[in-house]
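> Supplied structure: query-v1.txt, compact mmCIF, C-alpha atoms and all ligand atoms.
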```
# COMPACT_ATOMS: atom_id res chain seq x y z
CA ARG A 1 3.53 -24.20 -6.46
CA VAL A 2 0.24 -25.16 -8.13
CA VAL A 3 -1.76 -27.94 -6.49
CA ASP A 4 -5.03 -29.10 -8.11
CA GLY A 5 -5.38 -25.76 -9.91
CA THR A 6 -4.71 -23.68 -6.79
CA ARG A 7 -1.62 -21.51 -6.55
CA VAL A 8 -0.11 -22.13 -3.12
CA PHE A 9 2.21 -19.71 -1.37
CA GLU A 10 4.17 -20.57 1.76
CA LEU A 11 4.98 -17.70 4.07
CA THR A 12 6.74 -17.86 7.41
CA ALA A 13 7.12 -14.88 9.71
CA GLN A 14 10.50 -15.20 11.37
CA GLU A 15 13.20 -13.34 13.27
CA GLY A 16 16.63 -12.69 11.83
CA THR A 17 19.34 -10.12 11.34
CA THR A 18 19.94 -7.79 8.42
CA GLU A 19 23.11 -5.96 7.46
CA PHE A 20 21.77 -2.53 6.48
CA ARG A 21 25.22 -1.04 7.02
CA PRO A 22 28.51 -2.84 6.43
CA GLY A 23 29.49 -4.89 9.46
CA VAL A 24 26.41 -4.05 11.55
CA GLN A 25 23.83 -6.78 12.20
CA THR A 26 20.40 -5.32 12.92
CA GLU A 27 17.70 -7.53 14.45
CA THR A 28 14.75 -7.61 12.09
CA TRP A 29 11.70 -9.66 11.16
CA GLY A 30 10.78 -10.93 7.73
CA PHE A 31 8.66 -13.36 5.73
CA ASN A 32 10.78 -16.34 4.58
CA GLY A 33 13.91 -14.33 5.33
CA SER A 34 15.25 -11.68 7.66
CA TYR A 35 13.61 -8.56 6.19
CA LEU A 36 10.51 -7.95 4.00
CA GLY A 37 9.09 -10.93 2.07
CA PRO A 38 8.88 -12.53 -1.37
CA THR A 39 6.84 -10.89 -4.12
CA LEU A 40 3.71 -13.00 -4.57
CA ARG A 41 2.05 -13.00 -7.97
CA ALA A 42 -1.26 -14.35 -9.25
CA GLU A 43 -3.67 -14.08 -12.11
CA ARG A 44 -7.23 -12.81 -12.24
CA GLY A 45 -9.54 -15.84 -11.99
CA GLU A 46 -6.93 -17.97 -10.26
CA ARG A 47 -7.54 -19.63 -6.89
CA VAL A 48 -4.79 -18.96 -4.39
CA ALA A 49 -4.03 -20.49 -1.00
CA VAL A 50 -1.49 -19.37 1.57
CA GLU A 51 0.14 -21.46 4.26
CA PHE A 52 1.21 -18.86 6.75
CA THR A 53 3.29 -20.01 9.72
CA ASN A 54 4.10 -17.72 12.62
CA GLU A 55 7.57 -18.47 13.95
CA LEU A 56 7.74 -15.27 15.99
CA GLY A 57 7.52 -15.35 19.76
CA GLU A 58 4.16 -13.55 19.70
CA ARG A 59 0.84 -13.45 17.85
CA THR A 60 0.72 -11.75 14.45
CA SER A 61 -1.39 -11.89 11.27
CA VAL A 62 -0.98 -11.35 7.56
CA HIS A 63 -3.38 -9.06 5.71
CA TRP A 64 -3.75 -8.78 1.92
CA HIS A 65 -3.90 -5.03 1.45
CA GLY A 66 -6.09 -4.03 -1.51
CA MET A 67 -7.46 -7.53 -2.09
CA HIS A 68 -11.14 -8.26 -2.66
CA LEU A 69 -11.79 -11.43 -0.66
CA PRO A 70 -13.97 -12.93 2.09
CA ALA A 71 -13.60 -11.22 5.46
CA ALA A 72 -12.50 -14.45 7.13
CA MET A 73 -9.51 -14.60 4.73
CA ASP A 74 -8.59 -10.93 5.13
CA GLY A 75 -5.90 -11.40 7.79
CA GLY A 76 -6.99 -8.54 10.02
CA PRO A 77 -7.10 -8.49 13.82
CA HIS A 78 -9.80 -11.21 13.84
CA GLN A 79 -7.47 -13.69 12.11
CA GLU A 80 -4.46 -13.54 14.39
CA VAL A 81 -2.08 -16.49 14.35
CA GLU A 82 -0.54 -17.74 17.59
CA PRO A 83 3.21 -18.47 17.80
CA GLY A 84 3.98 -21.79 16.15
CA ALA A 85 0.57 -21.97 14.45
CA THR A 86 -0.26 -22.10 10.73
CA TRP A 87 -3.16 -20.24 9.08
CA ARG A 88 -4.49 -21.34 5.69
CA PRO A 89 -6.60 -18.73 3.88
CA THR A 90 -7.81 -19.38 0.33
CA TRP A 91 -9.72 -17.22 -2.16
CA GLU A 92 -10.17 -16.51 -5.85
CA ILE A 93 -8.49 -13.50 -7.43
CA ASP A 94 -11.39 -11.42 -8.73
CA GLN A 95 -10.18 -7.92 -9.53
CA PRO A 96 -8.05 -6.12 -12.14
CA ALA A 97 -4.26 -6.34 -12.35
CA ALA A 98 -2.65 -4.25 -9.62
CA SER A 99 0.28 -3.84 -7.26
CA LEU A 100 -1.11 -4.92 -3.90
CA TRP A 101 0.87 -5.78 -0.78
CA TYR A 102 0.73 -7.80 2.41
CA HIS A 103 1.65 -7.01 6.00
CA PRO A 104 0.70 -7.99 9.58
CA HIS A 105 -2.43 -6.51 11.17
CA PRO A 106 -2.44 -7.74 14.81
CA HIS A 107 -4.59 -5.74 17.20
CA GLY A 108 -2.63 -2.83 18.69
CA VAL A 109 0.85 -3.80 17.44
CA THR A 110 0.68 -3.42 13.67
CA GLU A 111 3.12 -0.50 13.64
CA GLU A 112 5.82 -2.50 15.41
CA HIS A 113 5.40 -5.61 13.27
CA VAL A 114 5.59 -3.68 10.00
CA TYR A 115 8.45 -1.52 11.27
CA ARG A 116 10.51 -4.59 12.18
CA GLY A 117 10.30 -5.65 8.56
CA LEU A 118 7.16 -7.68 7.85
CA ALA A 119 5.81 -6.60 4.43
CA GLY A 120 5.87 -7.72 0.81
CA MET A 121 4.29 -7.06 -2.58
CA PHE A 122 1.40 -9.06 -4.04
CA LEU A 123 1.14 -8.44 -7.78
CA LEU A 124 -1.97 -9.32 -9.78
CA ASP A 125 -2.06 -9.81 -13.55
CA ASP A 126 -4.86 -10.01 -16.09
CA ASP A 127 -5.23 -10.12 -19.88
CA ALA A 128 -5.26 -6.33 -20.19
CA SER A 129 -2.11 -5.86 -18.13
CA ARG A 130 -0.27 -8.55 -20.04
CA ALA A 131 -1.24 -7.07 -23.42
CA ALA A 132 -0.32 -3.52 -22.32
CA ALA A 133 2.63 -1.72 -23.88
CA LEU A 134 4.37 -1.44 -20.52
CA PRO A 135 7.70 -2.70 -19.22
CA GLN A 136 6.88 -6.04 -17.60
CA GLU A 137 9.99 -8.11 -17.17
CA TYR A 138 10.12 -8.52 -13.40
CA GLY A 139 13.39 -7.38 -11.87
CA VAL A 140 14.67 -6.10 -15.22
CA ASP A 141 12.41 -3.26 -16.37
CA ASP A 142 9.53 -3.84 -13.94
CA VAL A 143 10.78 -3.30 -10.43
CA PRO A 144 8.99 -3.13 -7.08
CA VAL A 145 10.27 -0.33 -4.84
CA ILE A 146 9.20 -0.56 -1.20
CA VAL A 147 10.05 2.76 0.45
CA GLN A 148 10.53 2.81 4.23
CA ASP A 149 12.27 5.02 6.77
CA LYS A 150 14.09 3.89 9.90
CA VAL A 151 15.75 5.21 13.04
CA PHE A 152 18.83 3.23 14.12
CA ASP A 153 20.13 3.50 17.68
CA ASP A 154 23.82 3.72 18.61
CA ASP A 155 24.17 -0.06 18.34
CA GLY A 156 22.67 -0.12 14.87
CA GLN A 157 19.39 -1.62 16.11
CA LEU A 158 15.94 -0.43 15.07
CA GLU A 159 14.70 2.27 17.43
CA LEU A 160 11.22 1.11 18.41
CA GLU A 161 10.38 3.91 20.81
CA ASP A 162 8.11 6.53 19.33
CA ASN A 163 10.27 9.58 18.58
CA GLY A 164 7.51 12.03 19.20
CA SER A 165 6.28 12.81 15.70
CA GLU A 166 2.51 13.04 15.64
CA PRO A 167 1.91 10.25 13.07
CA GLY A 168 4.53 7.94 14.62
CA THR A 169 8.25 7.44 14.21
CA LEU A 170 9.88 9.30 11.33
CA GLY A 171 13.28 7.89 10.42
CA GLY A 172 16.26 9.72 9.00
CA THR A 173 17.37 6.71 6.93
CA VAL A 174 15.38 5.74 3.87
CA LEU A 175 15.45 2.20 2.51
CA ALA A 176 14.37 0.93 -0.90
CA ASN A 177 13.54 -2.79 -0.69
CA GLY A 178 15.39 -2.94 2.62
CA THR A 179 18.56 -1.42 1.17
CA VAL A 180 20.33 1.82 2.10
CA GLY A 181 21.72 3.55 -1.00
CA ALA A 182 19.91 1.19 -3.37
CA TYR A 183 20.54 1.24 -7.10
CA HIS A 184 19.15 -0.55 -10.13
CA GLU A 185 21.02 -1.22 -13.37
CA VAL A 186 18.73 -0.25 -16.22
CA THR A 187 19.11 -2.08 -19.54
CA THR A 188 15.99 -0.81 -21.32
CA GLU A 189 14.87 2.62 -22.55
CA ARG A 190 12.06 2.67 -20.04
CA VAL A 191 11.70 1.21 -16.59
CA ARG A 192 8.52 0.70 -14.58
CA LEU A 193 8.76 1.28 -10.85
CA ARG A 194 6.00 -0.14 -8.65
CA LEU A 195 6.27 2.28 -5.73
CA LEU A 196 4.87 1.27 -2.35
CA ASN A 197 4.96 3.50 0.69
CA GLY A 198 5.60 0.74 3.23
CA SER A 199 6.47 3.20 5.98
CA THR A 200 4.51 3.35 9.19
CA ALA A 201 4.20 7.15 9.35
CA ARG A 202 6.05 9.16 6.72
CA THR A 203 4.41 10.59 3.61
CA TYR A 204 6.73 10.92 0.61
CA GLN A 205 6.72 13.12 -2.45
CA LEU A 206 8.57 10.98 -4.99
CA GLY A 207 10.04 12.08 -8.29
CA PHE A 208 13.20 12.90 -10.23
CA GLN A 209 15.07 16.19 -10.28
CA ASP A 210 15.84 15.98 -14.00
CA ARG A 211 12.81 14.38 -15.66
CA ASP A 212 9.09 13.71 -15.51
CA MET A 213 7.53 10.31 -15.03
CA GLU A 214 4.47 8.67 -16.56
CA LEU A 215 2.07 7.56 -13.86
CA VAL A 216 0.37 4.41 -15.19
CA ALA A 217 -1.37 2.85 -12.18
CA SER A 218 -2.57 3.70 -8.71
CA ASP A 219 -3.35 1.37 -5.75
CA GLY A 220 -5.91 -0.80 -7.50
CA GLY A 221 -4.63 -0.93 -11.08
CA LEU A 222 -4.15 0.89 -14.36
CA LEU A 223 -5.39 4.45 -14.86
CA ASP A 224 -7.56 5.21 -17.88
CA ALA A 225 -4.45 6.63 -19.58
CA PRO A 226 -0.90 7.56 -18.56
CA VAL A 227 -0.45 10.88 -16.74
CA THR A 228 2.77 12.89 -16.95
CA LEU A 229 3.88 14.02 -13.49
CA GLU A 230 6.92 15.58 -11.87
CA GLN A 231 6.20 14.08 -8.47
CA VAL A 232 3.71 11.80 -6.81
CA ARG A 233 2.74 12.05 -3.15
CA LEU A 234 2.37 8.71 -1.37
CA ALA A 235 1.04 8.35 2.16
CA PRO A 236 1.57 5.13 4.14
CA GLY A 237 -0.11 2.23 2.34
CA GLU A 238 -0.48 3.96 -1.05
CA ARG A 239 1.07 2.67 -4.29
CA ALA A 240 1.86 4.20 -7.67
CA GLU A 241 3.31 2.63 -10.79
CA VAL A 242 5.47 5.02 -12.79
CA VAL A 243 7.40 4.62 -16.04
CA VAL A 244 10.68 6.50 -16.38
CA GLU A 245 12.72 7.07 -19.55
CA MET A 246 16.51 6.77 -19.56
CA GLU A 247 19.32 7.72 -21.98
CA PRO A 248 22.23 5.31 -22.51
CA GLY A 249 24.97 5.63 -19.92
CA GLU A 250 23.21 8.14 -17.67
CA THR A 251 22.43 8.02 -13.98
CA THR A 252 19.47 9.53 -12.19
CA ARG A 253 17.91 9.24 -8.77
CA LEU A 254 14.41 8.71 -7.48
CA HIS A 255 14.18 11.36 -4.82
CA SER A 256 11.78 12.10 -2.01
CA PHE A 257 11.11 15.84 -2.01
CA GLU A 258 9.73 17.94 0.79
CA ALA A 259 6.15 16.74 0.89
CA ASP A 260 3.23 19.13 0.47
CA LEU A 261 1.03 17.90 3.30
CA GLY A 262 -1.75 20.44 2.73
CA GLY A 263 -2.48 22.63 5.74
CA VAL A 264 -0.86 20.55 8.46
CA VAL A 265 -0.21 22.67 11.56
CA VAL A 266 3.45 22.95 12.57
CA PRO A 267 3.45 21.03 15.88
CA PHE A 268 2.07 18.06 13.98
CA ALA A 269 4.37 18.50 11.00
CA MET A 270 6.00 15.36 9.78
CA GLY A 271 9.56 16.49 9.28
CA GLY A 272 8.18 18.42 6.34
CA ASN A 273 11.56 19.63 5.11
CA ASP A 274 13.09 16.17 4.91
CA ALA A 275 14.38 15.10 1.52
CA PHE A 276 16.04 11.82 0.58
CA ASP A 277 17.50 9.90 -2.31
CA VAL A 278 15.57 6.64 -2.55
CA LEU A 279 16.90 4.71 -5.53
CA GLU A 280 19.62 5.36 -8.10
CA LEU A 281 19.00 4.26 -11.68
CA ARG A 282 22.14 3.52 -13.71
CA ALA A 283 21.60 3.05 -17.43
CA ALA A 284 23.82 0.74 -19.44
CA ASP A 285 25.66 2.12 -22.48
CA GLU A 286 23.23 0.37 -24.77
CA LEU A 287 19.54 0.17 -23.99
CA THR A 288 16.93 -2.19 -25.42
CA PRO A 289 13.98 -0.29 -26.95
CA SER A 290 10.81 -0.04 -24.82
CA PRO A 291 7.36 0.86 -26.10
CA GLU A 292 5.59 4.10 -25.25
CA PRO A 293 3.19 3.29 -22.35
CA ALA A 294 -0.29 2.45 -23.70
CA TRP A 295 -3.05 -0.07 -23.03
CA GLU A 296 -6.56 -1.03 -23.97
CA PRO A 297 -9.27 -1.00 -21.33
CA SER A 298 -9.68 -4.38 -19.69
CA VAL A 299 -12.40 -6.69 -21.00
CA HIS A 300 -13.61 -6.57 -17.40
CA ALA A 301 -13.79 -2.76 -17.36
CA ALA A 302 -17.59 -2.66 -17.50
CA GLN A 303 -17.89 -5.15 -14.66
CA ASP A 304 -15.40 -3.22 -12.51
CA ALA A 305 -16.82 0.25 -13.24
CA LEU A 306 -18.55 2.17 -10.47
CA HIS A 307 -21.56 4.38 -11.10
CA GLU A 308 -22.27 7.33 -8.86
CA ASP A 309 -25.95 7.45 -9.77
CA SER A 310 -26.48 3.96 -8.42
CA ALA A 311 -25.15 4.87 -4.97
CA ALA A 312 -27.73 3.73 -2.43
CA VAL A 313 -26.13 4.93 0.79
CA THR A 314 -23.92 7.82 1.88
CA ARG A 315 -21.88 7.49 5.06
CA THR A 316 -19.80 10.15 6.80
CA PHE A 317 -16.47 9.51 8.50
CA ASP A 318 -14.94 12.33 10.55
CA LEU A 319 -11.39 11.67 11.69
CA ASP A 320 -10.01 13.60 14.65
CA ASP A 321 -6.70 12.76 16.29
CA ARG A 322 -7.34 9.09 17.14
CA GLN A 323 -11.04 8.53 16.62
CA ILE A 324 -13.39 8.01 13.70
CA ASN A 325 -16.85 9.52 14.27
CA GLY A 326 -15.93 10.02 17.93
CA ARG A 327 -15.14 6.37 18.55
CA ARG A 328 -12.02 4.29 18.96
CA MET A 329 -11.65 0.77 17.66
CA ASP A 330 -13.56 -1.87 19.61
CA MET A 331 -13.07 -5.45 18.43
CA GLY A 332 -16.55 -6.31 19.68
CA ARG A 333 -18.45 -3.48 17.97
CA ILE A 334 -19.60 -3.41 14.35
CA ASP A 335 -19.59 0.22 13.23
CA GLU A 336 -21.20 -0.08 9.81
CA VAL A 337 -23.44 -2.66 8.17
CA VAL A 338 -23.28 -2.73 4.39
CA SER A 339 -25.70 -4.55 2.11
CA GLU A 340 -24.32 -6.93 -0.48
CA GLY A 341 -24.36 -5.46 -3.97
CA ASP A 342 -24.74 -1.87 -2.80
CA THR A 343 -22.80 1.02 -4.24
CA GLU A 344 -21.99 3.54 -1.50
CA ILE A 345 -20.45 6.96 -1.11
CA TRP A 346 -18.18 7.45 1.87
CA GLU A 347 -17.51 11.08 2.76
CA VAL A 348 -14.25 11.16 4.67
CA ARG A 349 -12.67 14.16 6.34
CA SER A 350 -9.85 14.88 8.77
CA ILE A 351 -11.44 17.46 11.06
CA VAL A 352 -8.16 18.31 12.82
CA PRO A 353 -5.08 20.00 11.33
CA MET A 354 -3.18 16.75 11.09
CA PRO A 355 -2.84 14.29 8.26
CA HIS A 356 -4.31 10.84 7.98
CA SER A 357 -4.16 8.09 5.37
CA PHE A 358 -7.61 6.50 5.04
CA HIS A 359 -7.81 2.85 3.98
CA VAL A 360 -10.79 0.57 3.37
CA HIS A 361 -10.46 -3.22 3.24
CA ASP A 362 -12.16 -5.46 0.62
CA VAL A 363 -12.79 -2.81 -2.06
CA GLN A 364 -11.13 -0.47 -4.51
CA PHE A 365 -12.83 2.94 -4.54
CA ARG A 366 -12.91 5.91 -6.88
CA ILE A 367 -12.45 9.43 -5.54
CA LEU A 368 -15.43 11.41 -6.81
CA SER A 369 -14.32 14.77 -5.47
CA VAL A 370 -12.01 16.55 -3.07
CA ASP A 371 -13.85 19.44 -1.43
CA GLY A 372 -16.24 19.52 -4.36
CA ASP A 373 -13.56 19.58 -7.06
CA ALA A 374 -12.70 16.74 -9.40
CA PRO A 375 -9.67 14.83 -8.08
CA PRO A 376 -6.28 15.45 -9.71
CA PRO A 377 -5.46 12.78 -12.35
CA GLU A 378 -3.16 10.87 -10.00
CA LEU A 379 -6.12 10.33 -7.66
CA ALA A 380 -8.62 9.47 -10.38
CA GLY A 381 -7.74 5.76 -10.71
CA PRO A 382 -8.67 2.80 -8.51
CA LYS A 383 -7.61 3.40 -4.90
CA ASP A 384 -7.83 1.67 -1.54
CA THR A 385 -5.90 4.22 0.51
CA VAL A 386 -5.93 8.01 0.27
CA TYR A 387 -3.98 10.77 1.97
CA LEU A 388 -6.41 13.15 3.64
CA GLU A 389 -5.34 16.76 3.60
CA PRO A 390 -6.81 18.29 6.77
CA ASN A 391 -10.28 19.80 6.60
CA ARG A 392 -11.08 18.64 3.09
CA THR A 393 -13.89 16.27 2.23
CA TYR A 394 -13.00 13.25 0.10
CA ARG A 395 -16.03 11.59 -1.50
CA LEU A 396 -15.25 7.94 -2.20
CA LEU A 397 -17.38 5.69 -4.40
CA MET A 398 -17.26 1.93 -3.78
CA ARG A 399 -19.33 -1.20 -4.29
CA PHE A 400 -19.59 -4.26 -2.07
CA ASP A 401 -20.18 -7.00 -4.59
CA ASP A 402 -20.25 -10.21 -2.58
CA TYR A 403 -18.77 -12.21 0.32
CA THR A 404 -21.44 -11.65 2.93
CA ASP A 405 -20.59 -12.61 6.50
CA PRO A 406 -22.56 -11.13 9.38
CA ASP A 407 -20.01 -12.29 11.95
CA VAL A 408 -16.61 -11.39 10.54
CA PRO A 409 -15.90 -7.71 9.90
CA TYR A 410 -13.58 -5.91 7.54
CA MET A 411 -11.62 -2.86 8.75
CA PHE A 412 -11.39 0.77 7.73
CA HIS A 413 -8.66 2.80 9.36
CA CYS A 414 -5.85 5.29 9.21
CA HIS A 415 -2.74 3.70 7.65
CA MET A 416 -0.42 5.80 9.78
CA LEU A 417 0.04 2.72 11.88
CA LEU A 418 0.49 4.38 15.26
CA HIS A 419 -2.89 6.02 14.70
CA GLU A 420 -4.39 2.65 13.77
CA ASP A 421 -2.90 0.94 16.82
CA GLU A 422 -4.15 3.73 19.08
CA GLY A 423 -7.70 3.18 17.93
CA MET A 424 -8.25 5.04 14.66
CA MET A 425 -10.03 2.08 13.11
CA GLY A 426 -13.56 0.82 12.68
CA GLN A 427 -15.28 -2.36 11.50
CA PHE A 428 -17.92 -3.09 8.86
CA VAL A 429 -19.72 -6.23 7.83
CA VAL A 430 -21.28 -7.05 4.47
CA VAL A 431 -24.64 -8.82 4.80
CU1 LIG A 501 -2.65 -2.17 4.88
CU2 LIG A 501 -5.87 -2.60 7.28
O1 LIG A 501 -4.22 -2.42 6.10
CU CU A 502 -5.82 -3.35 4.00
CU CU A 503 -3.96 9.05 11.04
```
Using structure tokens, write down the structure that the file contains.
Ligand code: C2O
Ligand code: CU
Ligand code: CU


Amino acid sequence: RVVDGTRVFELTAQEGTTEFRPGVQTETWGFNGSYLGPTLRAERGERVAVEFTNELGERTSVHWHGMHLPAAMDGGPHQEVEPGATWRPTWEIDQPAASLWYHPHPHGVTEEHVYRGLAGMFLLDDDASRAAALPQEYGVDDVPVIVQDKVFDDDGQLELEDNGSEPGTLGGTVLANGTVGAYHEVTTERVRLRLLNGSTARTYQLGFQDRDMELVASDGGLLDAPVTLEQVRLAPGERAEVVVEMEPGETTRLHSFEADLGGVVVPFAMGGNDAFDVLELRAADELTPSPEPAWEPSVHAAQDALHEDSAAVTRTFDLDDRQINGRRMDMGRIDEVVSEGDTEIWEVRSIVPMPHSFHVHDVQFRILSVDGDAPPPELAGPKDTVYLEPNRTYRLLMRFDDYTDPDVPYMFHCHMLLHEDEGMMGQFVVV
């Protein structure tokens, strides 16, 4: 709906039931439905407004993960919405085309709200993305794939009790877009999968047994050029867009391989030998030609580029088991004060032998180095969330362009949502 030049989205968080398995009704939550939510889509330069109504029996919020926007519109724990109330954020889309997402962020209960089913994709477009030689017919050859794992109890209900894994519940059932045993019928030579790890705890290593993929975008948009990969590791909150080639009549499966978690000590291991089929691709007997992935740099590229030599400030973030720099989240404490317009380097490290997934609100960052080495190509694009292998230093470059507000903070936190809920989060303001 477009009203006076503003694109308006209506979202309602509600309770419902979902039939994940034939004949079994599982109680779930969703946006505008019983599980997950609609894919929202907007254009760079467009003004958007959301009318978000909370029809749950408790407070929640909706956060725009990866979005550059004013802190008061961010939907974090300072913008909670009471049961029955409506929240109306509005902002202008001012960043490159990307696969972002949205999910609740209420203080202390984010894991449960996401696990029950509240999440959706928020896709951004711009001139460069539209002109790119990439599959872009939504639902046909351009398909969002939200990957989540669940534990079902004997009655087929979601098991909400923590099952003892260090990063939070790890489920033995993997869903793609809320579906067990999902498949997609492919009618084109190439298909673009917008992968989102929408799980609360599990890190996946996604790929195909019988072919490579072209990685074309990371969290915050297109890479400089496609990268050929066998597998891509995605921690909770991370996204990757991949393009896969198919032959007429064949079938293949997106698979989650045993993830290389990088030096995680066994008692904290995350079911490291788990492997799953995520999505089956079934090609028709005749396929429409698709172009080889290619694109020109965005006309905005210069404006979006980050320059290490202009970094004014370096901050250090040490993550232990539930604290950042020795502190747990305090809603009343501002941990970092950033100056508008500054480029900063954040040096982030997990100082314990357990994994974390570090996320910063408001910005897209570039990874300058991992323990002094250049990042692998899949980590060289725009990012807002990064898996931290234990005891390695990730140097992140970011710029805080605008939207000053001394009173309303943005968050930085671990996106393993049990960790976040248990205090592994901090707050910064831009002034
Ligand atoms: Cu995806 Cu602070 O969140
Ligand atoms: Cu976020
Ligand atoms: Cu963590």

> Please return as a list of chain:residue names the residues found within 7 Å of ligand CU 502 (chain A), counting all atoms listed in the file.

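Sorted by chain and then by number, the residues are A:His63, A:Trp64, A:His65, A:Gly66, A:His359, A:Val360, A:His361.
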
> Record the distance separating CA of Ala259 in chain A and CA of His415 in chain A, expressed in Å with one decimal.

17.2 Å

> What separation in Å, quoted to one decimal, exists between CA of Asn163 in chain A and CA of His113 in chain A?

16.8 Å

> Which protein, DNA or RNA residues have an atom within 6 Å of ligand CU 503 (chain A), counting all atoms listed in the file, as a ChimeraX atom specification?

/A:356-357,414,416,419

> Any idea what's packed within 9 Å of range 194-205 of chain A, counting only C-alpha atoms, ignoring anything in its chain fewer than 3 positions away? Could you give it as a VMD selection string?

chain A and resid 99 to 101 110 to 112 114 to 115 119 to 121 142 to 150 165 to 171 217 219 231 to 243 255 to 261 270 to 271 275 387 415 to 419

> Between CA of Leu388 in chain A and CA of Val348 in chain A, what is the distance, to one decimal in Å?

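Pair CA of Leu388 in chain A / CA of Val348 in chain A returns 8.2 Å.
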
> Would you mind listing what lies within 7 Å of Gly263 in chain A as a VMD selection string, with only C-alpha atoms counted and same-chain residues fewer than 4 positions away left out?

chain A and resid 353 389 to 390

> Nearest residue to Glu58 in chain A out of A:Thr28, A:Ile345, A:Pro106, A:Ala374, using all atoms listed in the file?

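For Glu58 in chain A, the nearest of the candidates is A:Pro106.
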
> Give me the residues within 9 Å of Ile93 in chain A as a list in words, counting only C-alpha atoms and dropping any in the same chain fewer than 3 places off.

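Here the answer would be Ala42, Glu43, Arg44, Gly45, Glu46, Arg47, Val48, Met67, His68, Leu69, Pro96 and Leu124 of chain A.
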
> At a cut-off of 12 Å, can you tabulate as a tab-separated table every residue of range 30-135 of chain A near range 403-406 of chain A together with its closest atom pair and the distance in Å to one decimal, using all atoms listed in the file and ordering rows by chain then number?


```
residue	atom	partner	partner_atom	distance
A:His68	CA	A:Tyr403	CA	9.1
A:Leu69	CA	A:Tyr403	CA	7.1
A:Pro70	CA	A:Tyr403	CA	5.2
A:Ala71	CA	A:Asp405	CA	7.2
A:Ala72	CA	A:Asp405	CA	8.3
A:Met73	CA	A:Tyr403	CA	10.5
A:Asp74	CA	A:Tyr403	CA	11.3
A:Trp91	CA	A:Tyr403	CA	10.6
A:Glu92	CA	A:Tyr403	CA	11.4
A:Asp94	CA	A:Tyr403	CA	11.7
```

> With distances taken over all atoms listed in the file, which residue among A:Leu134, A:Ala283, A:Val62, A:Val186 lies nearest ligand LIG 501 (chain A)?

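Looking at the shortest contact to ligand LIG 501 (chain A), the residue is A:Val62.
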
> Restricting the calculation to all atoms listed in the file: of A:Val50, A:Leu118, A:Leu206, A:Val24, which residue gets closest to ligand LIG 501 (chain A)?

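Nearest to ligand LIG 501 (chain A): A:Leu118.
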
> When distances are computed from all atoms listed in the file, which of A:Glu286, A:Thr179, A:Pro77, A:Glu27 shows the smallest separation from ligand LIG 501 (chain A)?

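Of the candidates, the smallest distance to ligand LIG 501 (chain A) is held by A:Pro77.
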
> Put the listed atoms of range 128-140 of chain A in a box along x, y and z with 4 Å added on every side and give me the centre and edge lengths in Å to one decimal, as lines of an AutoDock Vina configuration file.


```
center_x = 4.7
center_y = -5.0
center_z = -17.9
size_x = 27.9
size_y = 15.1
size_z = 20.0
```

> Can you patch up range 93-103 of chain A, filling it in to N, CA and C atoms, and show the result as a PDB file, in the frame of the given file?


```
ATOM      1  N   ILE A  93      -8.855 -14.866  -7.014  1.00  0.00           N
ATOM      2  CA  ILE A  93      -8.490 -13.500  -7.430  1.00  0.00           C
ATOM      3  C   ILE A  93      -9.579 -12.987  -8.369  1.00  0.00           C
ATOM      4  N   ASP A  94     -10.235 -11.911  -7.972  1.00  0.00           N
ATOM      5  CA  ASP A  94     -11.390 -11.420  -8.730  1.00  0.00           C
ATOM      6  C   ASP A  94     -11.355  -9.895  -8.780  1.00  0.00           C
ATOM      7  N   GLN A  95     -10.315  -9.374  -9.402  1.00  0.00           N
ATOM      8  CA  GLN A  95     -10.180  -7.920  -9.530  1.00  0.00           C
ATOM      9  C   GLN A  95      -9.094  -7.660 -10.575  1.00  0.00           C
ATOM     10  N   PRO A  96      -9.023  -6.423 -11.074  1.00  0.00           N
ATOM     11  CA  PRO A  96      -8.050  -6.120 -12.140  1.00  0.00           C
ATOM     12  C   PRO A  96      -6.591  -6.224 -11.666  1.00  0.00           C
ATOM     13  N   ALA A  97      -5.704  -6.330 -12.627  1.00  0.00           N
ATOM     14  CA  ALA A  97      -4.260  -6.340 -12.350  1.00  0.00           C
ATOM     15  C   ALA A  97      -3.890  -5.135 -11.511  1.00  0.00           C
ATOM     16  N   ALA A  98      -3.015  -5.344 -10.523  1.00  0.00           N
ATOM     17  CA  ALA A  98      -2.650  -4.250  -9.620  1.00  0.00           C
ATOM     18  C   ALA A  98      -1.429  -4.634  -8.808  1.00  0.00           C
ATOM     19  N   SER A  99      -0.829  -3.621  -8.199  1.00  0.00           N
ATOM     20  CA  SER A  99       0.280  -3.840  -7.260  1.00  0.00           C
ATOM     21  C   SER A  99      -0.286  -3.740  -5.846  1.00  0.00           C
ATOM     22  N   LEU A 100      -0.613  -4.886  -5.276  1.00  0.00           N
ATOM     23  CA  LEU A 100      -1.110  -4.920  -3.900  1.00  0.00           C
ATOM     24  C   LEU A 100       0.063  -5.277  -2.984  1.00  0.00           C
ATOM     25  N   TRP A 101      -0.211  -5.387  -1.695  1.00  0.00           N
ATOM     26  CA  TRP A 101       0.870  -5.780  -0.780  1.00  0.00           C
ATOM     27  C   TRP A 101       0.306  -6.510   0.411  1.00  0.00           C
ATOM     28  N   TYR A 102       1.182  -7.071   1.223  1.00  0.00           N
ATOM     29  CA  TYR A 102       0.730  -7.800   2.410  1.00  0.00           C
ATOM     30  C   TYR A 102       1.578  -7.387   3.603  1.00  0.00           C
ATOM     31  N   HIS A 103       0.955  -7.427   4.768  1.00  0.00           N
ATOM     32  CA  HIS A 103       1.650  -7.010   6.000  1.00  0.00           C
ATOM     33  C   HIS A 103       0.837  -7.496   7.193  1.00  0.00           C
TER      34      HIS A 103
END
```
